[in-house]
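J.: So that we are looking at the same thing, I have put the structure below in structure tokens.
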Amino acid sequence: MSNGYETEIGENGWTLSEGECQRISIARVLLKDVPIMLSNEVTAFLDVENETKIQSALSKF
């Protein structure tokens with residue numbers, strides 16, 4: 001995002017696309033370092049390039 005952590009996204013993320021919301025959710029899980037993550041179609045709204053990168057990153061955890 002243009003302002004990094006300071007980017008304003010509006011209430012409930014209304015200015016974000018579904019793919020951006022998914023990426024933020026995944027980042028929150030990774031930063032929180034949870035022992036178990038349950039997901040259903042975790043990359044459903046992502047483009048192929050980002051989906052590949054995220055699947056690769058998630059497989060390392």
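Following the order of the structure tokens, chains are lettered A, B, ..., residues in each are numbered from 1, and ligands are numbered from 1.
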Hey, what's within 12 Å of segment 1-5 of chain A if we count only C-alpha atoms and toss same-chain stuff fewer than 4 positions away? As a short mmCIF file (atom, residue, chain, number, x, y, z; two decimals) with all heavy atoms, in the first residue's frame, please?

T.:
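out.cif was written with the following content:
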data_model
loop_
_atom_site.label_atom_id
_atom_site.label_comp_id
_atom_site.auth_asym_id
_atom_site.auth_seq_id
_atom_site.Cartn_x
_atom_site.Cartn_y
_atom_site.Cartn_z
N ILE A 9 -7.70 2.45 5.26
CA ILE A 9 -8.46 1.55 4.40
C ILE A 9 -9.97 1.69 4.56
O ILE A 9 -10.73 0.99 3.92
CB ILE A 9 -8.05 0.08 4.64
CG1 ILE A 9 -8.26 -0.31 6.09
CG2 ILE A 9 -6.61 -0.13 4.22
CD1 ILE A 9 -8.10 -1.78 6.35
N THR A 15 -12.38 0.07 1.18
CA THR A 15 -11.64 0.54 0.01
C THR A 15 -10.74 -0.53 -0.59
O THR A 15 -10.08 -0.29 -1.59
CB THR A 15 -10.76 1.76 0.37
OG1 THR A 15 -9.81 1.37 1.37
CG2 THR A 15 -11.59 2.92 0.90
N LEU A 16 -10.71 -1.72 0.01
CA LEU A 16 -9.85 -2.79 -0.46
C LEU A 16 -10.61 -3.77 -1.35
O LEU A 16 -11.80 -3.99 -1.16
CB LEU A 16 -9.28 -3.57 0.73
CG LEU A 16 -8.45 -2.79 1.73
CD1 LEU A 16 -8.07 -3.66 2.90
CD2 LEU A 16 -7.22 -2.21 1.06
N GLU A 20 -7.06 -8.08 -1.75
CA GLU A 20 -6.27 -7.33 -0.76
C GLU A 20 -6.69 -7.72 0.65
O GLU A 20 -5.84 -7.88 1.53
CB GLU A 20 -6.44 -5.83 -0.98
CG GLU A 20 -5.75 -5.33 -2.24
CD GLU A 20 -6.12 -3.91 -2.61
OE1 GLU A 20 -7.27 -3.48 -2.36
OE2 GLU A 20 -5.25 -3.21 -3.16
N ARG A 23 -5.08 -11.04 1.44
CA ARG A 23 -3.64 -10.93 1.72
C ARG A 23 -3.40 -10.36 3.12
O ARG A 23 -2.50 -10.82 3.83
CB ARG A 23 -2.94 -10.10 0.65
CG ARG A 23 -2.84 -10.83 -0.68
CD ARG A 23 -1.94 -10.14 -1.66
NE ARG A 23 -2.41 -8.84 -2.08
CZ ARG A 23 -3.19 -8.61 -3.12
NH1 ARG A 23 -3.61 -9.61 -3.87
NH2 ARG A 23 -3.56 -7.40 -3.44
N ILE A 24 -4.21 -9.39 3.54
CA ILE A 24 -4.07 -8.84 4.89
C ILE A 24 -4.40 -9.90 5.93
O ILE A 24 -3.71 -10.03 6.94
CB ILE A 24 -4.94 -7.58 5.05
CG1 ILE A 24 -4.32 -6.43 4.25
CG2 ILE A 24 -5.08 -7.19 6.53
CD1 ILE A 24 -5.19 -5.20 4.16
#

J.: Work out how far atom CA of Leu46 of chain A is from atom CA of Ser59 of chain A, in Å to one decimal.

T.: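 Computing the Euclidean distance for atom CA of Ser59 of chain A and atom CA of Leu46 of chain A yields 16.9 Å.
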
J.: Considering only C-alpha atoms, return as a list of chain:residue names whatever protein or nucleic-acid residues lie within 12 Å of Gln22 of chain A, sequence-local ones (same chain, fewer than 4 positions apart) excluded.

T.: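 In the requested format, the answer is A:Gly13, A:Leu16, A:Ser17, A:Glu18, A:Ile26, A:Ala27, A:Arg28, A:Val29, A:Ser39, A:Asn40, A:Glu41, A:Val42, A:Thr43, A:Ala44, A:Phe45, A:Leu46, A:Asp47, A:Asn50, A:Glu51, A:Ile54.
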
J.: Save the residues we just selected, all heavy atoms, as a compact mmCIF listing (two decimals), in the first residue's frame?

T.:
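Written file, part-v3.txt:
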# COMPACT_ATOMS: atom_id res chain seq x y z
N GLY A 13 -12.52 -2.12 5.90
CA GLY A 13 -11.73 -2.31 4.68
C GLY A 13 -12.48 -2.06 3.40
O GLY A 13 -12.18 -2.63 2.37
N LEU A 16 -10.71 -1.72 0.01
CA LEU A 16 -9.85 -2.79 -0.46
C LEU A 16 -10.61 -3.77 -1.35
O LEU A 16 -11.80 -3.99 -1.16
CB LEU A 16 -9.28 -3.57 0.73
CG LEU A 16 -8.45 -2.79 1.73
CD1 LEU A 16 -8.07 -3.66 2.90
CD2 LEU A 16 -7.22 -2.21 1.06
N SER A 17 -9.88 -4.38 -2.26
CA SER A 17 -10.48 -5.45 -3.06
C SER A 17 -10.54 -6.72 -2.20
O SER A 17 -9.92 -6.79 -1.14
CB SER A 17 -9.63 -5.73 -4.30
OG SER A 17 -8.40 -6.33 -3.93
N GLU A 18 -11.26 -7.72 -2.66
CA GLU A 18 -11.34 -8.98 -1.91
C GLU A 18 -9.97 -9.64 -1.81
O GLU A 18 -9.62 -10.23 -0.79
CB GLU A 18 -12.36 -9.91 -2.55
CG GLU A 18 -13.78 -9.41 -2.36
CD GLU A 18 -14.80 -10.29 -3.06
OE1 GLU A 18 -14.49 -10.88 -4.12
OE2 GLU A 18 -15.91 -10.37 -2.54
N ILE A 26 -4.10 -13.14 5.66
CA ILE A 26 -3.00 -14.11 5.68
C ILE A 26 -1.81 -13.52 6.43
O ILE A 26 -1.18 -14.20 7.25
CB ILE A 26 -2.61 -14.52 4.25
CG1 ILE A 26 -3.75 -15.33 3.61
CG2 ILE A 26 -1.31 -15.32 4.25
CD1 ILE A 26 -3.62 -15.49 2.12
N ALA A 27 -1.50 -12.26 6.17
CA ALA A 27 -0.38 -11.60 6.86
C ALA A 27 -0.62 -11.56 8.37
O ALA A 27 0.29 -11.80 9.16
CB ALA A 27 -0.19 -10.19 6.32
N ARG A 28 -1.85 -11.30 8.78
CA ARG A 28 -2.16 -11.28 10.22
C ARG A 28 -1.91 -12.63 10.86
O ARG A 28 -1.37 -12.73 11.95
CB ARG A 28 -3.62 -10.87 10.44
CG ARG A 28 -3.88 -9.41 10.22
CD ARG A 28 -5.34 -9.11 10.39
NE ARG A 28 -5.59 -7.69 10.30
CZ ARG A 28 -6.78 -7.16 10.11
NH1 ARG A 28 -7.85 -7.95 9.98
NH2 ARG A 28 -6.94 -5.86 10.05
N VAL A 29 -2.31 -13.69 10.16
CA VAL A 29 -2.09 -15.04 10.69
C VAL A 29 -0.60 -15.32 10.82
O VAL A 29 -0.13 -15.83 11.84
CB VAL A 29 -2.75 -16.10 9.77
CG1 VAL A 29 -2.30 -17.50 10.12
CG2 VAL A 29 -4.26 -16.00 9.85
N SER A 39 -8.40 -22.82 7.05
CA SER A 39 -8.78 -21.94 5.95
C SER A 39 -9.62 -22.68 4.93
O SER A 39 -9.52 -23.89 4.78
CB SER A 39 -7.54 -21.35 5.27
OG SER A 39 -6.80 -22.38 4.68
N ASN A 40 -10.42 -21.93 4.24
CA ASN A 40 -11.24 -22.47 3.17
C ASN A 40 -11.03 -21.58 1.97
O ASN A 40 -11.38 -20.40 1.98
CB ASN A 40 -12.72 -22.49 3.59
CG ASN A 40 -13.59 -23.10 2.52
OD1 ASN A 40 -13.12 -23.85 1.68
ND2 ASN A 40 -14.86 -22.77 2.55
N GLU A 41 -10.41 -22.12 0.94
CA GLU A 41 -10.10 -21.35 -0.26
C GLU A 41 -9.36 -20.06 0.07
O GLU A 41 -9.78 -18.97 -0.27
CB GLU A 41 -11.38 -21.06 -1.04
CG GLU A 41 -12.08 -22.33 -1.50
CD GLU A 41 -13.27 -22.04 -2.39
OE1 GLU A 41 -13.20 -21.09 -3.18
OE2 GLU A 41 -14.25 -22.78 -2.27
N VAL A 42 -8.25 -20.23 0.75
CA VAL A 42 -7.48 -19.10 1.26
C VAL A 42 -7.02 -18.14 0.15
O VAL A 42 -6.81 -16.97 0.39
CB VAL A 42 -6.30 -19.58 2.13
CG1 VAL A 42 -5.24 -20.25 1.29
CG2 VAL A 42 -5.70 -18.45 2.91
N THR A 43 -6.89 -18.62 -1.07
CA THR A 43 -6.41 -17.76 -2.16
C THR A 43 -7.44 -17.60 -3.26
O THR A 43 -7.08 -17.33 -4.41
CB THR A 43 -5.10 -18.34 -2.74
OG1 THR A 43 -5.33 -19.66 -3.20
CG2 THR A 43 -3.98 -18.34 -1.71
N ALA A 44 -8.70 -17.73 -2.95
CA ALA A 44 -9.76 -17.71 -3.96
C ALA A 44 -9.82 -16.42 -4.78
O ALA A 44 -10.15 -16.45 -5.96
CB ALA A 44 -11.12 -17.96 -3.31
N PHE A 45 -9.48 -15.29 -4.20
CA PHE A 45 -9.62 -14.02 -4.89
C PHE A 45 -8.29 -13.44 -5.38
O PHE A 45 -8.22 -12.28 -5.76
CB PHE A 45 -10.31 -12.99 -3.98
CG PHE A 45 -11.72 -13.37 -3.66
CD1 PHE A 45 -12.05 -13.88 -2.42
CD2 PHE A 45 -12.72 -13.24 -4.60
CE1 PHE A 45 -13.34 -14.24 -2.11
CE2 PHE A 45 -14.02 -13.60 -4.31
CZ PHE A 45 -14.34 -14.10 -3.06
N LEU A 46 -7.25 -14.25 -5.36
CA LEU A 46 -5.93 -13.77 -5.76
C LEU A 46 -5.62 -14.14 -7.20
O LEU A 46 -6.11 -15.13 -7.72
CB LEU A 46 -4.85 -14.36 -4.85
CG LEU A 46 -4.99 -14.04 -3.36
CD1 LEU A 46 -3.87 -14.71 -2.59
CD2 LEU A 46 -4.99 -12.55 -3.11
N ASP A 47 -4.75 -13.34 -7.81
CA ASP A 47 -4.29 -13.67 -9.15
C ASP A 47 -3.29 -14.82 -9.05
O ASP A 47 -2.81 -15.15 -7.96
CB ASP A 47 -3.65 -12.45 -9.81
CG ASP A 47 -2.48 -11.91 -9.01
OD1 ASP A 47 -2.71 -11.06 -8.12
OD2 ASP A 47 -1.35 -12.36 -9.25
N ASN A 50 0.27 -14.13 -7.33
CA ASN A 50 0.23 -13.98 -5.87
C ASN A 50 -0.19 -15.27 -5.19
O ASN A 50 0.30 -15.59 -4.11
CB ASN A 50 -0.70 -12.83 -5.47
CG ASN A 50 -0.04 -11.49 -5.65
OD1 ASN A 50 1.08 -11.29 -5.24
ND2 ASN A 50 -0.74 -10.57 -6.27
N GLU A 51 -1.10 -16.01 -5.80
CA GLU A 51 -1.52 -17.28 -5.23
C GLU A 51 -0.32 -18.23 -5.11
O GLU A 51 -0.13 -18.88 -4.07
CB GLU A 51 -2.61 -17.93 -6.07
CG GLU A 51 -3.06 -19.27 -5.53
CD GLU A 51 -4.15 -19.92 -6.35
OE1 GLU A 51 -4.49 -19.41 -7.44
OE2 GLU A 51 -4.64 -20.96 -5.92
N ILE A 54 1.97 -17.07 -2.24
CA ILE A 54 1.39 -17.30 -0.93
C ILE A 54 1.36 -18.79 -0.60
O ILE A 54 1.70 -19.19 0.52
CB ILE A 54 -0.01 -16.66 -0.83
CG1 ILE A 54 0.16 -15.14 -0.78
CG2 ILE A 54 -0.79 -17.17 0.39
CD1 ILE A 54 -1.14 -14.37 -0.85

J.: Please measure the separation of atom CA of Pro35 of chain A and atom CA of Leu58 of chain A, giving the value in Å to one decimal.

T.: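 Distance between the two atoms: 12.7 Å.
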